[in-house]
file data-v9.pdb (PDB, C-alpha atoms)
ATOM      1  CA  MET A  23    -229.239  96.062 -56.103  1.00  0.00           C
ATOM      2  CA  GLU A  24    -232.957  95.553 -55.622  1.00  0.00           C
ATOM      3  CA  ILE A  25    -236.125  97.008 -57.129  1.00  0.00           C
ATOM      4  CA  VAL A  26    -239.581  97.275 -55.577  1.00  0.00           C
ATOM      5  CA  CYS A  27    -242.745  96.692 -57.596  1.00  0.00           C
ATOM      6  CA  PRO A  28    -245.140  99.644 -57.243  1.00  0.00           C
ATOM      7  CA  HIS A  29    -248.136  97.326 -57.720  1.00  0.00           C
ATOM      8  CA  CYS A  30    -247.546  94.591 -55.139  1.00  0.00           C
ATOM      9  CA  HIS A  31    -244.489  95.987 -53.284  1.00  0.00           C
ATOM     10  CA  THR A  32    -242.494  92.800 -53.846  1.00  0.00           C
ATOM     11  CA  VAL A  33    -238.710  93.232 -53.708  1.00  0.00           C
ATOM     12  CA  SER A  34    -236.845  91.676 -56.654  1.00  0.00           C
ATOM     13  CA  ASN A  35    -233.273  91.637 -57.888  1.00  0.00           C
ATOM     14  CA  LEU A  36    -232.290  94.193 -60.508  1.00  0.00           C
ATOM     15  CA  GLY A  37    -232.381  92.583 -63.936  1.00  0.00           C
ATOM     16  CA  VAL A  38    -235.559  90.504 -63.635  1.00  0.00           C
ATOM     17  CA  ALA A  39    -237.966  90.617 -66.585  1.00  0.00           C
ATOM     18  CA  VAL A  40    -241.123  89.883 -64.587  1.00  0.00           C
ATOM     19  CA  CYS A  41    -242.138  90.744 -61.019  1.00  0.00           C
ATOM     20  CA  VAL A  42    -242.217  87.532 -58.970  1.00  0.00           C
ATOM     21  CA  GLY A  43    -245.163  88.829 -56.931  1.00  0.00           C
ATOM     22  CA  CYS A  44    -247.745  90.057 -59.457  1.00  0.00           C
ATOM     23  CA  GLN A  45    -246.190  89.047 -62.818  1.00  0.00           C
ATOM     24  CA  ALA A  46    -245.908  92.676 -63.983  1.00  0.00           C
ATOM     25  CA  GLU A  47    -243.527  93.134 -66.902  1.00  0.00           C
ATOM     26  CA  VAL A  48    -240.366  94.963 -65.835  1.00  0.00           C
ATOM     27  CA  VAL A  49    -238.954  97.319 -68.476  1.00  0.00           C
ATOM     28  CA  TYR A  50    -235.578  99.005 -68.168  1.00  0.00           C
ATOM     29  CA  GLY A  51    -235.639 102.153 -70.292  1.00  0.00           C
ATOM     30  CA  SER A  52    -238.059 102.671 -73.177  1.00  0.00           C
ATOM     31  CA  THR A  53    -240.304  99.948 -74.551  1.00  0.00           C
ATOM     32  CA  PHE A  54    -239.954  98.713 -78.117  1.00  0.00           C
ATOM     33  CA  SER A  55    -243.325 100.252 -78.956  1.00  0.00           C
ATOM     34  CA  GLU A  56    -242.271 103.688 -77.640  1.00  0.00           C
ATOM     35  CA  VAL A  57    -239.066 103.619 -79.695  1.00  0.00           C
ATOM     36  CA  LYS A  58    -240.925 102.439 -82.812  1.00  0.00           C
ATOM     37  CA  SER A  59    -243.588 105.158 -82.472  1.00  0.00           C
ATOM     38  CA  ALA A  60    -241.000 107.899 -81.973  1.00  0.00           C
ATOM     39  CA  ALA A  61    -238.987 106.718 -84.990  1.00  0.00           C
ATOM     40  CA  THR A  62    -242.128 106.655 -87.134  1.00  0.00           C
ATOM     41  CA  PHE A  63    -243.147 110.133 -85.993  1.00  0.00           C
ATOM     42  CA  GLY A  64    -239.619 111.447 -86.619  1.00  0.00           C
ATOM     43  CA  ALA A  65    -239.559 109.992 -90.124  1.00  0.00           C
ATOM     44  CA  ILE A  66    -242.958 111.427 -91.025  1.00  0.00           C
ATOM     45  CA  ALA A  67    -242.232 114.846 -89.528  1.00  0.00           C
ATOM     46  CA  ALA A  68    -238.841 115.112 -91.237  1.00  0.00           C
ATOM     47  CA  GLY A  69    -240.364 113.925 -94.517  1.00  0.00           C
ATOM     48  CA  VAL A  70    -243.143 116.514 -94.418  1.00  0.00           C
ATOM     49  CA  VAL A  71    -240.834 119.373 -93.437  1.00  0.00           C
ATOM     50  CA  SER A  72    -238.230 118.464 -96.066  1.00  0.00           C
ATOM     51  CA  SER A  73    -240.941 118.122 -98.742  1.00  0.00           C
ATOM     52  CA  VAL A  74    -242.308 121.570 -97.983  1.00  0.00           C
ATOM     53  CA  ILE A  75    -238.831 123.108 -98.041  1.00  0.00           C
ATOM     54  CA  MET A  76    -237.907 121.348-101.295  1.00  0.00           C
ATOM     55  CA  VAL A  77    -241.119 122.358-103.059  1.00  0.00           C
ATOM     56  CA  LYS A  78    -240.918 125.939-101.853  1.00  0.00           C
ATOM     57  CA  PHE A  79    -237.216 126.633-102.440  1.00  0.00           C
ATOM     58  CA  PHE A  80    -235.717 123.829-104.548  1.00  0.00           C
ATOM     59  CA  SER A  81    -236.819 121.144-106.933  1.00  0.00           C
ATOM     60  CA  PHE A  82    -238.323 118.027-105.358  1.00  0.00           C
ATOM     61  CA  SER A  83    -235.948 115.091-104.915  1.00  0.00           C
ATOM     62  CA  PHE A  84    -237.224 111.706-103.763  1.00  0.00           C
ATOM     63  CA  VAL A  85    -233.740 110.635-102.697  1.00  0.00           C
ATOM     64  CA  LEU A  86    -233.349 113.697-100.481  1.00  0.00           C
ATOM     65  CA  LEU A  87    -236.809 113.044 -99.037  1.00  0.00           C
ATOM     66  CA  VAL A  88    -235.825 109.484 -98.096  1.00  0.00           C
ATOM     67  CA  VAL A  89    -232.541 110.646 -96.568  1.00  0.00           C
ATOM     68  CA  CYS A  90    -234.324 113.299 -94.483  1.00  0.00           C
ATOM     69  CA  ALA A  91    -236.957 110.771 -93.347  1.00  0.00           C
ATOM     70  CA  PHE A  92    -234.213 108.321 -92.352  1.00  0.00           C
ATOM     71  CA  ILE A  93    -232.414 110.999 -90.331  1.00  0.00           C
ATOM     72  CA  GLY A  94    -235.725 111.946 -88.700  1.00  0.00           C
ATOM     73  CA  ALA A  95    -236.322 108.310 -87.764  1.00  0.00           C
ATOM     74  CA  LEU A  96    -232.869 108.068 -86.183  1.00  0.00           C
ATOM     75  CA  CYS A  97    -233.456 111.274 -84.211  1.00  0.00           C
ATOM     76  CA  GLY A  98    -236.862 110.065 -83.018  1.00  0.00           C
ATOM     77  CA  ARG A  99    -235.399 106.720 -81.981  1.00  0.00           C
ATOM     78  CA  ALA A 100    -232.579 108.397 -80.042  1.00  0.00           C
ATOM     79  CA  TRP A 101    -235.029 110.745 -78.324  1.00  0.00           C
ATOM     80  CA  ALA A 102    -237.263 107.846 -77.259  1.00  0.00           C
ATOM     81  CA  GLN A 103    -234.346 105.883 -75.871  1.00  0.00           C
ATOM     82  CA  LYS A 104    -233.176 108.870 -73.815  1.00  0.00           C
ATOM     83  CA  ALA A 105    -236.694 109.644 -72.558  1.00  0.00           C
ATOM     84  CA  HIS A 106    -236.640 106.761 -70.061  1.00  0.00           C
ATOM     85  CA  LEU A 107    -232.902 106.267 -69.683  1.00  0.00           C
ATOM     86  CA  ASP A 108    -231.931 104.670 -66.341  1.00  0.00           C
ATOM     87  CA  GLU A 109    -235.607 104.186 -65.488  1.00  0.00           C
ATOM     88  CA  THR A 110    -237.179 100.934 -64.306  1.00  0.00           C
ATOM     89  CA  ARG A 111    -240.883 100.699 -65.063  1.00  0.00           C
ATOM     90  CA  PHE A 112    -243.487  98.061 -64.288  1.00  0.00           C
ATOM     91  CA  PHE A 113    -246.357  97.264 -66.659  1.00  0.00           C
ATOM     92  CA  ARG A 114    -249.144  95.114 -65.355  1.00  0.00           C
ATOM     93  CA  LEU A 115    -251.904  93.670 -67.509  1.00  0.00           C
ATOM     94  CA  PHE A 116    -255.339  93.976 -65.925  1.00  0.00           C
ATOM     95  CA  LEU A 117    -257.905  91.514 -67.171  1.00  0.00           C
ATOM     96  CA  ASN A 118    -261.620  92.160 -66.832  1.00  0.00           C
ATOM     97  CA  LYS A 119    -263.277  89.086 -65.410  1.00  0.00           C
TER      98      LYS A 119
END

call {"tool": "encode", "arguments": {"input": "data-v9.pdb", "output": "structure tokens"}}
result
Amino acid sequence: MEIVCPHCHTVSNLGVAVCVGCQAEVVYGSTFSEVKSAATFGAIAAGVVSSVIMVKFFSFSFVLLVVCAFIGALCGRAWAQKAHLDETRFFRLFLNK
């Protein structure tokens, strides 16, 4: 199977890490930075929501807060990975000269 770079229109084989025409980075699925950001957001959001619920209805528990934040991070990570599932994207660095 082949892929076509949207920047330079070079045809490459599926599985390459860099476009042979313009040196754009080829990413299959989500980038590491997207997954990391979503996991961080999920952890923070779950931590805040669980803290509010614990303070309002129960007694505060740090262990429960950590568990909820961990679950939120896993959910955020899973969401980010599914966001670009089966997608091939090209990222090209433009330098100002």

call {"tool": "residues_around", "arguments": {"input": "data-v9.pdb", "residues": "Leu96 (chain A)", "least_positions_apart": "3", "cutoff": "12 Å", "atoms": "only C-alpha atoms", "output": "JSON, numbers by chain"}}
result
{"A": [57, 58, 59, 60, 61, 62, 63, 64, 65, 66, 68, 89, 90, 91, 92, 93, 99, 100, 101, 102, 103]}

call {"tool": "closest_residue", "arguments": {"input": "data-v9.pdb", "among": "A:Phe113, A:Thr32, A:Ala67, A:Asp108", "to": "Ala46 (chain A)", "atoms": "all atoms listed in the file"}}
result
A:Phe113

call {"tool": "residues_around", "arguments": {"input": "data-v9.pdb", "residues": "Cys44 (chain A)", "least_positions_apart": "2", "cutoff": "12 Å", "atoms": "only C-alpha atoms", "output": "NGL selection string"}}
result
:A and (26-34 or 40-42 or 46-48 or 112-116)

call {"tool": "resolve_selection", "arguments": {"input": "data-v9.pdb", "expression": "the PyMOL selection byres ((chain A and resi 36) around 7)", "output": "list in words"}}
result
Met23, Glu24, Ile25, Ser34, Asn35, Gly37 and Val38 of chain A

call {"tool": "resolve_selection", "arguments": {"input": "data-v9.pdb", "expression": "the PyMOL selection byres ((chain A and resi 49) around 6)", "output": "list in words"}}
result
Val48, Tyr50, Thr110 and Arg111 of chain A

call {"tool": "closest_residue", "arguments": {"input": "data-v9.pdb", "among": "A:Lys104, A:Gly69, A:Glu109, A:Glu56", "to": "Val85 (chain A)", "atoms": "only C-alpha atoms"}}
result
A:Gly69

call {"tool": "resolve_selection", "arguments": {"input": "data-v9.pdb", "expression": "the PyMOL selection byres ((chain A and resi 73) around 9)", "output": "PyMOL selection string"}}
result
chain A and resi 68-72+74-78+82-84+86-87
